[in-house]
$ cat input-v7.cif   # mmCIF, C-alpha atoms
data_query
loop_
_atom_site.group_PDB
_atom_site.id
_atom_site.type_symbol
_atom_site.label_atom_id
_atom_site.label_comp_id
_atom_site.auth_asym_id
_atom_site.auth_seq_id
_atom_site.Cartn_x
_atom_site.Cartn_y
_atom_site.Cartn_z
ATOM 1 C CA MET A 21 113.006 94.521 103.464
ATOM 2 C CA ASN A 22 113.985 93.354 106.911
ATOM 3 C CA LYS A 23 111.547 90.804 108.337
ATOM 4 C CA GLY A 24 112.288 90.824 112.044
ATOM 5 C CA GLY A 25 116.034 90.297 112.064
ATOM 6 C CA PHE A 26 118.760 92.223 113.847
ATOM 7 C CA SER A 27 118.631 96.023 113.760
ATOM 8 C CA TRP A 28 121.477 98.353 114.728
ATOM 9 C CA LYS A 29 119.036 101.250 115.031
ATOM 10 C CA ARG A 30 116.986 99.402 117.636
ATOM 11 C CA LEU A 31 120.110 98.280 119.488
ATOM 12 C CA THR A 32 121.548 101.798 119.697
ATOM 13 C CA GLY A 33 118.191 103.383 120.635
ATOM 14 C CA VAL A 34 117.727 105.444 117.473
ATOM 15 C CA SER A 35 114.242 104.028 116.856
ATOM 16 C CA ARG A 36 113.141 104.778 120.417
ATOM 17 C CA ALA A 37 114.517 108.325 120.312
ATOM 18 C CA LYS A 38 112.756 109.054 117.022
ATOM 19 C CA SER A 39 109.439 107.723 118.314
ATOM 20 C CA LYS A 40 109.722 109.772 121.535
ATOM 21 C CA ILE A 41 110.464 112.942 119.542
ATOM 22 C CA SER A 42 107.610 112.224 117.176
ATOM 23 C CA ARG A 43 105.147 111.701 120.030
ATOM 24 C CA SER A 44 106.293 114.773 121.934
ATOM 25 C CA ILE A 45 106.011 117.202 118.997
ATOM 26 C CA GLY A 46 102.853 115.556 117.635
ATOM 27 C CA ILE A 47 104.168 115.343 114.084
ATOM 28 C CA PRO A 48 105.177 111.996 112.541
ATOM 29 C CA LEU A 49 108.760 111.911 111.257
ATOM 30 C CA PRO A 50 108.298 109.587 108.227
ATOM 31 C CA LYS A 51 106.991 111.085 104.995
ATOM 32 C CA SER A 52 104.009 108.723 104.961
ATOM 33 C CA GLY A 53 103.116 109.890 108.462
ATOM 34 C CA HIS A 54 103.137 113.535 107.345
ATOM 35 C CA GLN A 55 100.840 112.666 104.452
ATOM 36 C CA ARG A 56 98.401 110.737 106.676
ATOM 37 C CA LYS A 57 98.264 113.581 109.205
ATOM 38 C CA VAL A 58 97.618 116.213 106.508
ATOM 39 C CA GLY A 59 94.961 113.976 104.949
ATOM 40 C CA ARG A 60 93.158 113.630 108.289
ATOM 41 C CA ILE A 61 93.289 117.393 108.825
ATOM 42 C CA VAL A 62 91.927 118.151 105.343
ATOM 43 C CA THR A 63 89.120 115.600 105.457
ATOM 44 C CA GLY A 64 88.328 115.862 109.152
ATOM 45 C CA GLY A 65 89.091 112.172 109.577
ATOM 46 C CA GLY A 66 86.611 111.022 106.939
ATOM 47 C CA CYS A 67 86.999 109.859 103.377
ATOM 48 C CA LEU A 68 87.495 112.786 101.012
ATOM 49 C CA VAL A 69 85.450 111.101 98.245
ATOM 50 C CA VAL A 70 82.448 110.681 100.555
ATOM 51 C CA LEU A 71 82.745 114.260 101.792
ATOM 52 C CA LEU A 72 82.938 115.618 98.232
ATOM 53 C CA ALA A 73 79.968 113.505 97.131
ATOM 54 C CA GLY A 74 77.925 114.781 100.068
ATOM 55 C CA GLY A 75 78.896 118.361 99.307
ATOM 56 C CA LEU A 76 77.954 117.989 95.643
ATOM 57 C CA ALA A 77 74.629 116.417 96.569
ATOM 58 C CA GLY A 78 73.866 119.325 98.885
ATOM 59 C CA LEU A 79 74.904 121.854 96.258
ATOM 60 C CA SER A 80 72.748 120.241 93.587
ATOM 61 C CA THR A 81 69.753 120.333 95.968
ATOM 62 C CA ILE A 82 70.252 124.053 96.526
ATOM 63 C CA VAL A 83 70.573 124.715 92.791
ATOM 64 C CA MET A 84 67.437 122.701 92.011
ATOM 65 C CA ALA A 85 65.493 124.576 94.691
ATOM 66 C CA ALA A 86 66.594 127.892 93.178
ATOM 67 C CA VAL A 87 65.555 126.768 89.675
ATOM 68 C CA ILE A 88 62.139 125.609 90.911
ATOM 69 C CA ALA A 89 61.651 128.893 92.814
ATOM 70 C CA GLN A 90 62.210 130.854 89.593
ATOM 71 C CA LEU A 91 59.523 128.872 87.773
#

$ encode --input "input-v7.cif" --output "structure tokens"
Amino acid sequence: MNKGGFSWKRLTGVSRAKSKISRSIGIPLPKSGHQRKVGRIVTGGGCLVVLLAGGLAGLSTIVMAAVIAQL
């Protein structure tokens, strides 16, 4: 991995062009950027584990209320 040395891509402007395109279309070009963006969309910016735990807690409360109402 390059640790701050010379880069032909930076010299020729490839890095700058890619970042301008990425910013203008609003979609990251690297694969990891795509995955982060999709993850934020799916979870609404929060942690998916926390959201699922909250949803399960709410669901269990509803189920328990229905069971108690039948008694």

$ atom_distance --input "input-v7.cif" --atom1 "atom CA of A:Val58" --atom2 "atom CA of A:Ser44"
17.8 Å

$ residues_around --input "input-v7.cif" --residues "stretch 48-55 of chain A" --least-positions-apart "5" --cutoff "9 Å" --atoms "only C-alpha atoms" --output "ChimeraX atom specification"
/A:38-39,41-43,60

$ write_last_selection --input "input-v7.cif" --atoms "C-alpha atoms" --output "short mmCIF file (atom, residue, chain, number, x, y, z; two decimals), in the frame of the given file"
data_model
loop_
_atom_site.label_atom_id
_atom_site.label_comp_id
_atom_site.auth_asym_id
_atom_site.auth_seq_id
_atom_site.Cartn_x
_atom_site.Cartn_y
_atom_site.Cartn_z
CA LYS A 38 112.76 109.05 117.02
CA SER A 39 109.44 107.72 118.31
CA ILE A 41 110.46 112.94 119.54
CA SER A 42 107.61 112.22 117.18
CA ARG A 43 105.15 111.70 120.03
CA ARG A 60 93.16 113.63 108.29
#

$ atom_distance --input "input-v7.cif" --atom1 "atom CA of A:Ile45" --atom2 "atom CA of A:Leu31"
23.6 Å

$ atom_distance --input "input-v7.cif" --atom1 "atom CA of A:Gly59" --atom2 "atom CA of A:Gly46"
15.0 Å

$ axis_aligned_box --input "input-v7.cif" --around "stretch 36-39 of chain A" --padding-each-side "6 Å" --output "JSON"
{"center_x": 112.0, "center_y": 106.9, "center_z": 118.7, "size_x": 17.1, "size_y": 16.3, "size_z": 15.4}

$ build_atoms --input "input-v7.cif" --residues "stretch 44-55 of chain A" --atoms "N, CA and C atoms" --output "PDB file, in the coordinates of the input"
ATOM      1  N   SER A  44     106.275 113.533 121.152  1.00  0.00           N
ATOM      2  CA  SER A  44     106.293 114.773 121.934  1.00  0.00           C
ATOM      3  C   SER A  44     105.919 115.995 121.098  1.00  0.00           C
ATOM      4  N   ILE A  45     106.339 116.042 119.829  1.00  0.00           N
ATOM      5  CA  ILE A  45     106.011 117.202 118.997  1.00  0.00           C
ATOM      6  C   ILE A  45     104.671 117.037 118.284  1.00  0.00           C
ATOM      7  N   GLY A  46     104.157 115.801 118.243  1.00  0.00           N
ATOM      8  CA  GLY A  46     102.853 115.556 117.635  1.00  0.00           C
ATOM      9  C   GLY A  46     102.871 115.490 116.122  1.00  0.00           C
ATOM     10  N   ILE A  47     104.053 115.429 115.536  1.00  0.00           N
ATOM     11  CA  ILE A  47     104.168 115.343 114.084  1.00  0.00           C
ATOM     12  C   ILE A  47     104.976 114.097 113.736  1.00  0.00           C
ATOM     13  N   PRO A  48     104.435 113.198 112.919  1.00  0.00           N
ATOM     14  CA  PRO A  48     105.177 111.996 112.541  1.00  0.00           C
ATOM     15  C   PRO A  48     106.425 112.351 111.731  1.00  0.00           C
ATOM     16  N   LEU A  49     107.521 111.633 111.971  1.00  0.00           N
ATOM     17  CA  LEU A  49     108.760 111.911 111.257  1.00  0.00           C
ATOM     18  C   LEU A  49     108.803 111.319 109.848  1.00  0.00           C
ATOM     19  N   PRO A  50     108.255 110.118 109.596  1.00  0.00           N
ATOM     20  CA  PRO A  50     108.298 109.587 108.227  1.00  0.00           C
ATOM     21  C   PRO A  50     107.407 110.380 107.272  1.00  0.00           C
ATOM     22  N   LYS A  51     107.757 110.360 106.009  1.00  0.00           N
ATOM     23  CA  LYS A  51     106.991 111.085 104.995  1.00  0.00           C
ATOM     24  C   LYS A  51     105.546 110.576 104.925  1.00  0.00           C
ATOM     25  N   SER A  52     105.370 109.270 105.019  1.00  0.00           N
ATOM     26  CA  SER A  52     104.009 108.723 104.961  1.00  0.00           C
ATOM     27  C   SER A  52     103.187 109.194 106.153  1.00  0.00           C
ATOM     28  N   GLY A  53     103.821 109.380 107.292  1.00  0.00           N
ATOM     29  CA  GLY A  53     103.116 109.890 108.462  1.00  0.00           C
ATOM     30  C   GLY A  53     102.661 111.322 108.283  1.00  0.00           C
ATOM     31  N   HIS A  54     103.521 112.154 107.655  1.00  0.00           N
ATOM     32  CA  HIS A  54     103.137 113.535 107.345  1.00  0.00           C
ATOM     33  C   HIS A  54     101.911 113.546 106.443  1.00  0.00           C
ATOM     34  N   GLN A  55     101.936 112.700 105.417  1.00  0.00           N
ATOM     35  CA  GLN A  55     100.840 112.666 104.452  1.00  0.00           C
ATOM     36  C   GLN A  55      99.540 112.213 105.102  1.00  0.00           C
TER      37      GLN A  55
END
